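See structure below.
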Amino acid sequence: MLKVEKLESGYGPMQILWGPDLEVKPGTITSLLGPNGAGKSTLLKTVLGSVPVMGGSVLFEGRDVTSLPTHKKVDLGITLVPEGKHLFKEMTVYENLIMGAYRKEARVHRDESLELIYSLFPILFERKDQKSGTMSGGQQQMVTIGRALMTKPKLIMMDEPSQGLAPKIVMEIFETIEKLKKEIGLTILLVEQNAAALDAADYVYIMHEGVIKAEGNPEEIKNSDEVREAYLGI
Amino acid sequence: MMRHLQKYSPILPVLLAYGVLLGIGLAYPGKWQLIAQLAFYCALGQAFNLFMGMTGYVDFGYVAFLGVGTYGMAVSIYFLYDKGLGIGLIFIGLALAAVFSTGLSLAVGAVALRLRGAYFAIATIGVNEGFRYFVEGARIWNGADGMIFSRHLRKAVGRETAMTLSTQWADILVFGVAVLAAILTLVYMRNKVGYALTALREDEDAAKVMGINVTKFKIIAFITSAVLAGLLGASAWALKLTYVYPEDVFEIHYTVEAIIIVLLGGAGTLLGPIVGALIYGASKYFLAIVLPGFQLLIFAPIIIVIIVLFPEGTVGILKKKIRGTALEKFII
C-alpha cells in the first residue's frame with residue numbers, strides 16, 4: 001500500500017533520512033522501531049509532506065505521491081496521529097472528532113464514523129461534551145486516534161501513541177490498534193520506541209541514524225541478539 | 001430556511017450596536033467626531049480580528065494595508081478628476097483600494113505566511129516601514145511630498161458634494177466597512193473557512209493531517225482582512241482628509257491600537273472588536289479631557305491590567321457567563 005524508496009530528507013542543511021526503504025502491505029500493522037533521533041518521526045512527516053523531500057520517492061497504492069501537498073495526501077487516504085497528542089484543546093471531544101471529518105468524502109460518512117469511534121472508545125461518547133484538553137493522557141490519545149479515523153483513512157500512521165502513558169493504558173492503546181486492523185481492516189504504520197509494539201506488529205523495521213538497520217517478522221527481530229541489544233534494550 | 005438563517009443571529013447585536021452608535025451621532029451633532037472615531041476603531045478592530053482573531057497570527061505590518069487603501073482612493077481622485085466621472089470616482093477609488101491591498105497582501109502573504117508565530121510577527125514589522133520608504137524613496141505617488149487632492153475632488157463633484165463627502169459620507173462609509181467586516185467574520189465562522197481557521201489556530205500540524213489546506217485558508221483570511229483595511233483607509237483617511245502623506249498612513253501606532261482593541265474585546269469573537277473599540281476609544285477620549293498629556297501614561301497600565309486579568313477579553317468572559325442561557329445564540 002505504501003512504499004518508501006531511498007527516501008532522503010531533513011531540516012535545512014541537516015539531513016536526517018539517508019535513504020531508508022520501507023513497505024507497508026495492505027491490512028497489516030507495520031512497526032518502525034528505533035531509538036531517539038533515529039529519524040522515525042521525520043520519516044512519517046516526510047511521507048505526509050510536512051518535511052521536504054531531498055531525494056527518493058513515496059508510492060501510495062502504486063502511485064507516486066512524493067511531491068503532493070499534505071492535504072492532497074489526506075484526500076488519498078493517508079493520515080497521521082501526530083506525536084504528543086496534537087488536540088484542539090479548547091474544543092470538546094465531539095468537536096475534535098467532527099473536525100476530523102473536514103474533507104468532503106469524510107463528511108459524507110461522518111455519522112457512521114462517529115458511531116464506529118464511539119463503539120471503539122465508549123468513554124469518548126460519555127465525555128463527548130468535555131473539553132479535550134481537560135482529559136487524561138490516555139483519553140486524549142483516544143481522541144487523537146478517533147479524529148484520525150474520522151478522515152476515513154486507508155492508512156494510519158501513528159507517531160509514538162504510547163508516549164507518556166501509564167503501562168496499563170499503553171496496553172489498551174495497542175489492543176485498540178490491533179482492533180483497528182482486525183475489525184475495520186485498516187493498514188497501520190506504527191512508529192514506537194516501546195518494544196511492546198513488536199507484539200502487535202506483522203512486520204518490523206528497525207531504524208537507526210536515518211537508515212533501516214534490520215527488518216523481519218516480530219519473531220525474527222526478537223531473536224536477533226544484535227538487534228535486541230543495540231536498538232531495543234531488552 | 002429559518003434554521004439556516006438562525007445560525008446568523010449573532011449579527012443582530014452587532015447591527016444593534018452600530019445602529020445605536022450611528023443614532024447617537026445623528027442626534028448629537030456635537031459628538032459626531034467622537035462617534036466617527038469610535039466607528040473607525042470598531043471597523044479597524046473588526047477587520048484586524050478577521051485575520052488575527054481567527055488564525056492567531058499577529059500581523060505587525062497591518063497598517064500598510066490601510067495605507068495602500070488610502071492611496072487607492074487618492075490616486076483615483078488625483079489622476080482621474082477631470083475625466084467627468086463625477087461621484088463614480090469614489091467607487092473607482094474604493095475598487096483601487098481593494099486592488100492595491102489585495103496585491104500587497106498577496107505579496108506579503110506569499111512570503112510571511114510561510115512563517116509561524118513570533119517569526120511571522122517579526123517579518124511583518126518590516127513590511128510597513130519598508131513600504132513607506134519605498135513610496136518615499138522611489139517617489140511613487142509624489143513620494144514624501146504626499147498627495148493633496150481636495151481641489152481635485154471639488155472640481156470633480158462640486159464644492160457642496162465634496163464637503164458632504166468628507167464630513168459625512170466618509171464616516172458613513174466607515175460604518176459600512178465595519179458592518180461588512182462583521183458580516184464576513186460571521187459568514188466565515190459559520191462555514192468551512194471558519195472551521196479550518198479554528199483548527200489551524202489551535203494546532204496547525206493537526207489541521208494539516210486532517211486534510212485542511214492550511215495555506216489556502218490563511219491566505220483567504222489574510223486577503224479578506226487586508227481588503228477591509230484598504231477600504232477603511234480609503235474612507236476614513238483619504239476621503240475624509242483629502243490628502244495623504246506616507247508618514248501619516250504607514251504609522252505602526254495604528255497596528256498597535258488594532259491589537260489592543262482585539263485583545264480587550266476578545267480575539268476570535270464577533271462582538272469583541274466592537275466592545276474593545278468602544279472601551280479603548282471612549283477611555284482614550286475621556287482621559288485626554290481629564291488629564292491631557294498623561295493619557296498614554298495612564299492608559300498603558302490599565303491595558304496591562306485588563307489583559308492580565310481577562311486574557312480572553314471582555315466578550316470571552318461574557319461568553320462563559322451566558323453559557324446555557326438564551327443569550328448564547330446571539331453573543332459569539
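Going through the C-alpha cells in order, the chains are called A, B, and so on, while each chain numbers its residues from 1 and the ligands are numbered from 1 in the order shown.
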Quick one: pick out all strand (DSSP E) residues within segment 114-251 of chain B from a backbone DSSP run and write them as a tab-separated table (two decimals) with C-alpha atoms, in the first residue's frame.
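Listing of result.tsv after writing:
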```tsv
chain	number	residue	atom	x	y	z
B	147	MET	CA	-0.89	63.92	-2.44
B	148	ILE	CA	-3.26	66.76	-1.68
B	243	TYR	CA	-4.70	64.40	1.50
B	244	VAL	CA	-2.24	61.63	2.15
```
Select residues of chain A: the criterion is any atom within 6 Å of an atom of chain B, counting only C-alpha atoms; output as a count of residues only. 7
Using DSSP secondary structure from the backbone, list all alpha helix (DSSP H) positions within segment 131-276 of chain B, as number ranges by chain. B: 131-137, 150-157, 159-164, 170-189, 192-202, 204-209, 214-232, 240-241, 246-249, 252-265, 272-276
Taking 6 positions as the minimum chain separation for residues in the same chain, which residues sit within 12 Å of Tyr62 of chain B when counting only C-alpha atoms? Answer as a PDB file with N, CA and C atoms, in the first residue's frame.
```pdb
ATOM      1  N   LEU B  44     -11.679  49.044  12.406  1.00  0.00           N
ATOM      2  CA  LEU B  44     -10.276  48.599  12.452  1.00  0.00           C
ATOM      3  C   LEU B  44     -10.169  47.273  13.213  1.00  0.00           C
ATOM      4  N   GLY B  45     -10.811  47.237  14.385  1.00  0.00           N
ATOM      5  CA  GLY B  45     -10.752  46.025  15.207  1.00  0.00           C
ATOM      6  C   GLY B  45     -11.391  44.846  14.504  1.00  0.00           C
ATOM      7  N   ALA B  47     -11.893  44.351  11.296  1.00  0.00           N
ATOM      8  CA  ALA B  47     -11.129  43.911  10.125  1.00  0.00           C
ATOM      9  C   ALA B  47      -9.865  43.165  10.554  1.00  0.00           C
ATOM     10  N   PHE B  48      -9.216  43.675  11.595  1.00  0.00           N
ATOM     11  CA  PHE B  48      -7.974  43.059  12.081  1.00  0.00           C
ATOM     12  C   PHE B  48      -8.255  41.695  12.704  1.00  0.00           C
ATOM     13  N   ASN B  49      -9.378  41.635  13.427  1.00  0.00           N
ATOM     14  CA  ASN B  49      -9.772  40.399  14.096  1.00  0.00           C
ATOM     15  C   ASN B  49     -10.006  39.262  13.107  1.00  0.00           C
ATOM     16  N   LEU B  50     -10.473  39.632  11.927  1.00  0.00           N
ATOM     17  CA  LEU B  50     -10.782  38.590  10.942  1.00  0.00           C
ATOM     18  C   LEU B  50      -9.546  37.768  10.613  1.00  0.00           C
ATOM     19  N   PHE B  51      -8.379  38.399  10.675  1.00  0.00           N
ATOM     20  CA  PHE B  51      -7.159  37.609  10.469  1.00  0.00           C
ATOM     21  C   PHE B  51      -6.538  37.180  11.789  1.00  0.00           C
ATOM     22  N   MET B  52      -6.252  38.161  12.656  1.00  0.00           N
ATOM     23  CA  MET B  52      -5.555  37.816  13.902  1.00  0.00           C
ATOM     24  C   MET B  52      -6.399  36.941  14.816  1.00  0.00           C
ATOM     25  N   VAL B  68      -2.082  51.597   1.739  1.00  0.00           N
ATOM     26  CA  VAL B  68      -2.260  51.468   0.284  1.00  0.00           C
ATOM     27  C   VAL B  68      -3.716  51.713  -0.117  1.00  0.00           C
ATOM     28  N   GLY B  69      -4.649  51.396   0.778  1.00  0.00           N
ATOM     29  CA  GLY B  69      -6.055  51.692   0.501  1.00  0.00           C
ATOM     30  C   GLY B  69      -6.274  53.191   0.388  1.00  0.00           C
ATOM     31  N   SER B 101      -4.715  46.741  -1.900  1.00  0.00           N
ATOM     32  CA  SER B 101      -4.500  45.974  -0.665  1.00  0.00           C
ATOM     33  C   SER B 101      -4.435  44.474  -0.957  1.00  0.00           C
ATOM     34  N   LEU B 104      -0.854  43.902  -2.286  1.00  0.00           N
ATOM     35  CA  LEU B 104       0.157  43.912  -1.228  1.00  0.00           C
ATOM     36  C   LEU B 104       0.014  42.693  -0.321  1.00  0.00           C
ATOM     37  N   SER B 105      -1.233  42.311  -0.033  1.00  0.00           N
ATOM     38  CA  SER B 105      -1.399  41.175   0.876  1.00  0.00           C
ATOM     39  C   SER B 105      -0.939  39.878   0.221  1.00  0.00           C
ATOM     40  N   VAL B 108       2.914  40.033   0.465  1.00  0.00           N
ATOM     41  CA  VAL B 108       3.379  39.816   1.840  1.00  0.00           C
ATOM     42  C   VAL B 108       3.053  38.393   2.282  1.00  0.00           C
ATOM     43  N   GLY B 109       1.822  37.974   1.980  1.00  0.00           N
ATOM     44  CA  GLY B 109       1.367  36.658   2.423  1.00  0.00           C
ATOM     45  C   GLY B 109       2.209  35.533   1.846  1.00  0.00           C
ATOM     46  N   ALA B 121       5.286  37.512  13.059  1.00  0.00           N
ATOM     47  CA  ALA B 121       5.116  38.861  13.599  1.00  0.00           C
ATOM     48  C   ALA B 121       6.328  39.731  13.266  1.00  0.00           C
ATOM     49  N   ALA B 123       8.589  39.311  10.886  1.00  0.00           N
ATOM     50  CA  ALA B 123       8.714  39.547   9.444  1.00  0.00           C
ATOM     51  C   ALA B 123       7.786  40.662   8.986  1.00  0.00           C
ATOM     52  N   THR B 124       6.591  40.724   9.613  1.00  0.00           N
ATOM     53  CA  THR B 124       5.633  41.707   9.129  1.00  0.00           C
ATOM     54  C   THR B 124       5.933  43.123   9.635  1.00  0.00           C
ATOM     55  N   ILE B 125       6.703  43.233  10.716  1.00  0.00           N
ATOM     56  CA  ILE B 125       7.063  44.579  11.194  1.00  0.00           C
ATOM     57  C   ILE B 125       7.757  45.332  10.066  1.00  0.00           C
ATOM     58  N   GLY B 126       8.607  44.616   9.346  1.00  0.00           N
ATOM     59  CA  GLY B 126       9.375  45.259   8.285  1.00  0.00           C
ATOM     60  C   GLY B 126       8.528  45.738   7.123  1.00  0.00           C
ATOM     61  N   VAL B 127       7.393  45.082   6.897  1.00  0.00           N
ATOM     62  CA  VAL B 127       6.586  45.382   5.707  1.00  0.00           C
ATOM     63  C   VAL B 127       6.160  46.836   5.665  1.00  0.00           C
ATOM     64  N   ASN B 128       5.631  47.292   6.802  1.00  0.00           N
ATOM     65  CA  ASN B 128       5.094  48.632   6.850  1.00  0.00           C
ATOM     66  C   ASN B 128       6.178  49.693   6.634  1.00  0.00           C
ATOM     67  N   GLU B 129       7.264  49.578   7.402  1.00  0.00           N
ATOM     68  CA  GLU B 129       8.366  50.536   7.269  1.00  0.00           C
ATOM     69  C   GLU B 129       8.948  50.470   5.861  1.00  0.00           C
ATOM     70  N   PHE B 131       7.583  49.528   3.098  1.00  0.00           N
ATOM     71  CA  PHE B 131       6.717  50.076   2.058  1.00  0.00           C
ATOM     72  C   PHE B 131       6.700  51.598   2.098  1.00  0.00           C
ATOM     73  N   PHE B 222      -6.204  36.332   5.277  1.00  0.00           N
ATOM     74  CA  PHE B 222      -5.256  37.440   5.191  1.00  0.00           C
ATOM     75  C   PHE B 222      -5.735  38.474   4.165  1.00  0.00           C
ATOM     76  N   ILE B 223      -6.157  38.000   2.993  1.00  0.00           N
ATOM     77  CA  ILE B 223      -6.597  38.923   1.942  1.00  0.00           C
ATOM     78  C   ILE B 223      -7.893  39.622   2.340  1.00  0.00           C
ATOM     79  N   SER B 225      -9.018  40.302   5.270  1.00  0.00           N
ATOM     80  CA  SER B 225      -8.716  41.293   6.290  1.00  0.00           C
ATOM     81  C   SER B 225      -8.000  42.500   5.682  1.00  0.00           C
ATOM     82  N   ALA B 226      -7.111  42.243   4.725  1.00  0.00           N
ATOM     83  CA  ALA B 226      -6.356  43.329   4.090  1.00  0.00           C
ATOM     84  C   ALA B 226      -7.268  44.222   3.252  1.00  0.00           C
ATOM     85  N   VAL B 227      -8.192  43.613   2.509  1.00  0.00           N
ATOM     86  CA  VAL B 227      -9.090  44.408   1.670  1.00  0.00           C
ATOM     87  C   VAL B 227      -9.968  45.302   2.540  1.00  0.00           C
ATOM     88  N   LEU B 228     -10.447  44.758   3.658  1.00  0.00           N
ATOM     89  CA  LEU B 228     -11.261  45.570   4.563  1.00  0.00           C
ATOM     90  C   LEU B 228     -10.443  46.755   5.072  1.00  0.00           C
ATOM     91  N   ALA B 229      -9.169  46.497   5.382  1.00  0.00           N
ATOM     92  CA  ALA B 229      -8.300  47.588   5.826  1.00  0.00           C
ATOM     93  C   ALA B 229      -8.131  48.614   4.713  1.00  0.00           C
ATOM     94  N   GLY B 230      -7.972  48.147   3.493  1.00  0.00           N
ATOM     95  CA  GLY B 230      -7.835  49.061   2.357  1.00  0.00           C
ATOM     96  C   GLY B 230      -9.046  49.960   2.215  1.00  0.00           C
ATOM     97  N   GLY B 233      -9.045  52.533   4.983  1.00  0.00           N
ATOM     98  CA  GLY B 233      -8.111  53.630   4.702  1.00  0.00           C
ATOM     99  C   GLY B 233      -8.691  54.580   3.662  1.00  0.00           C
ATOM    100  N   VAL B 249       0.194  57.627   7.015  1.00  0.00           N
ATOM    101  CA  VAL B 249      -0.608  56.408   6.855  1.00  0.00           C
ATOM    102  C   VAL B 249       0.183  55.137   7.156  1.00  0.00           C
ATOM    103  N   PHE B 250       1.501  55.154   6.938  1.00  0.00           N
ATOM    104  CA  PHE B 250       2.283  53.952   7.286  1.00  0.00           C
ATOM    105  C   PHE B 250       2.841  54.116   8.690  1.00  0.00           C
ATOM    106  N   GLU B 251       1.931  54.201   9.661  1.00  0.00           N
ATOM    107  CA  GLU B 251       2.316  54.530  11.027  1.00  0.00           C
ATOM    108  C   GLU B 251       1.942  53.343  11.924  1.00  0.00           C
ATOM    109  N   ILE B 252       2.958  52.686  12.476  1.00  0.00           N
ATOM    110  CA  ILE B 252       2.759  51.412  13.185  1.00  0.00           C
ATOM    111  C   ILE B 252       1.812  51.538  14.380  1.00  0.00           C
ATOM    112  N   HIS B 253       1.714  52.781  14.900  1.00  0.00           N
ATOM    113  CA  HIS B 253       0.823  53.090  16.012  1.00  0.00           C
ATOM    114  C   HIS B 253      -0.585  52.500  15.816  1.00  0.00           C
ATOM    115  N   TYR B 254      -1.093  52.580  14.590  1.00  0.00           N
ATOM    116  CA  TYR B 254      -2.455  52.086  14.334  1.00  0.00           C
ATOM    117  C   TYR B 254      -2.531  50.572  14.432  1.00  0.00           C
ATOM    118  N   THR B 255      -1.454  49.893  14.035  1.00  0.00           N
ATOM    119  CA  THR B 255      -1.447  48.429  14.185  1.00  0.00           C
ATOM    120  C   THR B 255      -1.542  48.073  15.660  1.00  0.00           C
ATOM    121  N   VAL B 256      -0.772  48.806  16.471  1.00  0.00           N
ATOM    122  CA  VAL B 256      -0.777  48.528  17.904  1.00  0.00           C
ATOM    123  C   VAL B 256      -2.173  48.774  18.479  1.00  0.00           C
ATOM    124  N   GLU B 257      -2.811  49.849  18.033  1.00  0.00           N
ATOM    125  CA  GLU B 257      -4.177  50.113  18.504  1.00  0.00           C
ATOM    126  C   GLU B 257      -5.111  48.960  18.128  1.00  0.00           C
ATOM    127  N   ALA B 258      -4.938  48.455  16.902  1.00  0.00           N
ATOM    128  CA  ALA B 258      -5.791  47.344  16.454  1.00  0.00           C
ATOM    129  C   ALA B 258      -5.598  46.130  17.353  1.00  0.00           C
ATOM    130  N   ILE B 259      -4.335  45.839  17.693  1.00  0.00           N
ATOM    131  CA  ILE B 259      -4.057  44.680  18.549  1.00  0.00           C
ATOM    132  C   ILE B 259      -4.718  44.861  19.916  1.00  0.00           C
TER     133      ILE B 259
END
```
Could you list, as a PDB file with C-alpha atoms, in the first residue's frame, every residue within 8 Å of segment 167-184 of chain B, counting only C-alpha atoms and ignoring same-chain residues fewer than 4 positions away?
```pdb
ATOM      1  CA  ILE B  11     -25.236  39.562  13.665  1.00  0.00           C
ATOM      2  CA  VAL B  14     -23.636  43.827  16.087  1.00  0.00           C
ATOM      3  CA  LEU B  15     -26.156  45.712  13.960  1.00  0.00           C
ATOM      4  CA  TYR B  18     -23.726  50.113  15.166  1.00  0.00           C
ATOM      5  CA  ALA B  36     -16.780  58.730  13.888  1.00  0.00           C
ATOM      6  CA  ALA B  39     -16.671  53.731  14.373  1.00  0.00           C
ATOM      7  CA  PHE B  40     -13.152  53.835  12.922  1.00  0.00           C
ATOM      8  CA  CYS B  42     -14.719  49.352  15.540  1.00  0.00           C
ATOM      9  CA  ALA B  43     -14.030  48.838  11.841  1.00  0.00           C
ATOM     10  CA  LEU B  44     -10.276  48.599  12.452  1.00  0.00           C
ATOM     11  CA  GLN B  46     -13.285  44.019  13.267  1.00  0.00           C
ATOM     12  CA  ALA B  47     -11.129  43.911  10.125  1.00  0.00           C
ATOM     13  CA  LEU B  50     -10.782  38.590  10.942  1.00  0.00           C
ATOM     14  CA  MET B 163     -17.935  68.888   1.529  1.00  0.00           C
ATOM     15  CA  TYR B 188     -16.591  32.639   7.757  1.00  0.00           C
ATOM     16  CA  LEU B 228     -11.261  45.570   4.563  1.00  0.00           C
ATOM     17  CA  LEU B 231     -11.476  50.149   2.201  1.00  0.00           C
ATOM     18  CA  LEU B 232     -11.173  51.598   5.688  1.00  0.00           C
ATOM     19  CA  SER B 235     -12.836  56.130   3.503  1.00  0.00           C
ATOM     20  CA  ALA B 236     -11.599  57.100   6.961  1.00  0.00           C
ATOM     21  CA  LEU B 239     -11.973  60.652   1.623  1.00  0.00           C
ATOM     22  CA  LYS B 240     -12.215  62.332   4.999  1.00  0.00           C
ATOM     23  CA  LEU B 270     -17.617  38.515  16.671  1.00  0.00           C
TER      24      LEU B 270
END
```
Can you work out the spacing between atom CA of Asp21 of chain A and atom CA of Met157 of chain A in Å, to one decimal? 16.2 Å
Spatial neighbours of Thr46 of chain A, max dist 7 Å, only C-alpha atoms, sep filter under 6 positions, as number ranges by chain: A: 9, 52-53
Would you mind exporting N, CA and C atoms of the selected residues as a compact mmCIF listing (two decimals), in the first residue's frame?
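Generated output (out.txt):
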```txt
# COMPACT_ATOMS: atom_id res chain seq x y z
N SER A 9 15.64 13.13 3.43
CA SER A 9 15.05 14.41 3.81
C SER A 9 15.73 14.90 5.07
N PRO A 52 10.26 18.62 3.71
CA PRO A 52 10.51 18.50 2.28
C PRO A 52 11.41 17.32 1.91
N VAL A 53 11.11 16.70 0.79
CA VAL A 53 11.87 15.55 0.31
C VAL A 53 13.13 16.03 -0.40
```
Tell me, as an mmCIF file with C-alpha atoms, in the first residue's frame, which residues lie within 12 Å of Tyr280 of chain B, counting only C-alpha atoms; anything in the same chain fewer than 3 positions away does not count.
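Writing done, so here's selection_32.cif:
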```cif
data_model
loop_
_atom_site.group_PDB
_atom_site.id
_atom_site.type_symbol
_atom_site.label_atom_id
_atom_site.label_comp_id
_atom_site.auth_asym_id
_atom_site.auth_seq_id
_atom_site.Cartn_x
_atom_site.Cartn_y
_atom_site.Cartn_z
ATOM 1 C CA GLN B 37 -13.582 57.935 15.780
ATOM 2 C CA LEU B 38 -15.290 55.099 17.637
ATOM 3 C CA ALA B 39 -16.671 53.731 14.373
ATOM 4 C CA PHE B 40 -13.152 53.835 12.922
ATOM 5 C CA TYR B 41 -11.834 51.821 15.877
ATOM 6 C CA CYS B 42 -14.719 49.352 15.540
ATOM 7 C CA GLY B 45 -10.752 46.025 15.207
ATOM 8 C CA VAL B 256 -0.777 48.528 17.904
ATOM 9 C CA GLU B 257 -4.177 50.113 18.504
ATOM 10 C CA ALA B 258 -5.791 47.344 16.454
ATOM 11 C CA ILE B 259 -4.057 44.680 18.549
ATOM 12 C CA ILE B 260 -5.144 46.347 21.800
ATOM 13 C CA ILE B 261 -8.749 46.635 20.627
ATOM 14 C CA VAL B 262 -8.931 42.986 19.618
ATOM 15 C CA LEU B 263 -7.333 41.759 22.847
ATOM 16 C CA LEU B 264 -9.522 43.978 25.040
ATOM 17 C CA GLY B 265 -12.663 42.755 23.355
ATOM 18 C CA GLY B 272 -15.276 41.517 20.799
ATOM 19 C CA PRO B 273 -13.759 44.097 18.467
ATOM 20 C CA ILE B 274 -16.785 46.385 18.952
ATOM 21 C CA VAL B 275 -16.610 46.155 22.729
ATOM 22 C CA GLY B 276 -12.825 46.592 22.612
ATOM 23 C CA ALA B 277 -13.109 49.583 20.301
ATOM 24 C CA SER B 283 -11.387 55.880 27.558
ATOM 25 C CA LYS B 284 -8.760 57.428 25.287
ATOM 26 C CA TYR B 285 -11.112 60.311 24.579
ATOM 27 C CA PHE B 286 -12.104 60.973 28.175
ATOM 28 C CA LEU B 287 -8.627 60.501 29.604
ATOM 29 C CA GLN B 295 -3.495 59.744 28.830
ATOM 30 C CA LEU B 296 -0.972 57.318 27.345
ATOM 31 C CA PHE B 299 -3.610 54.032 29.628
ATOM 32 C CA ALA B 300 -0.696 51.617 29.344
ATOM 33 C CA ILE B 302 -4.806 49.938 32.513
ATOM 34 C CA ILE B 303 -4.415 47.860 29.377
ATOM 35 C CA ILE B 306 -7.091 44.206 31.813
ATOM 36 C CA THR B 314 -14.430 41.115 27.621
#
```
Would you mind reading off the distance between atom CA of Thr70 of chain A and atom CA of Gly49 of chain A, one decimal, in Å? 5.1 Å
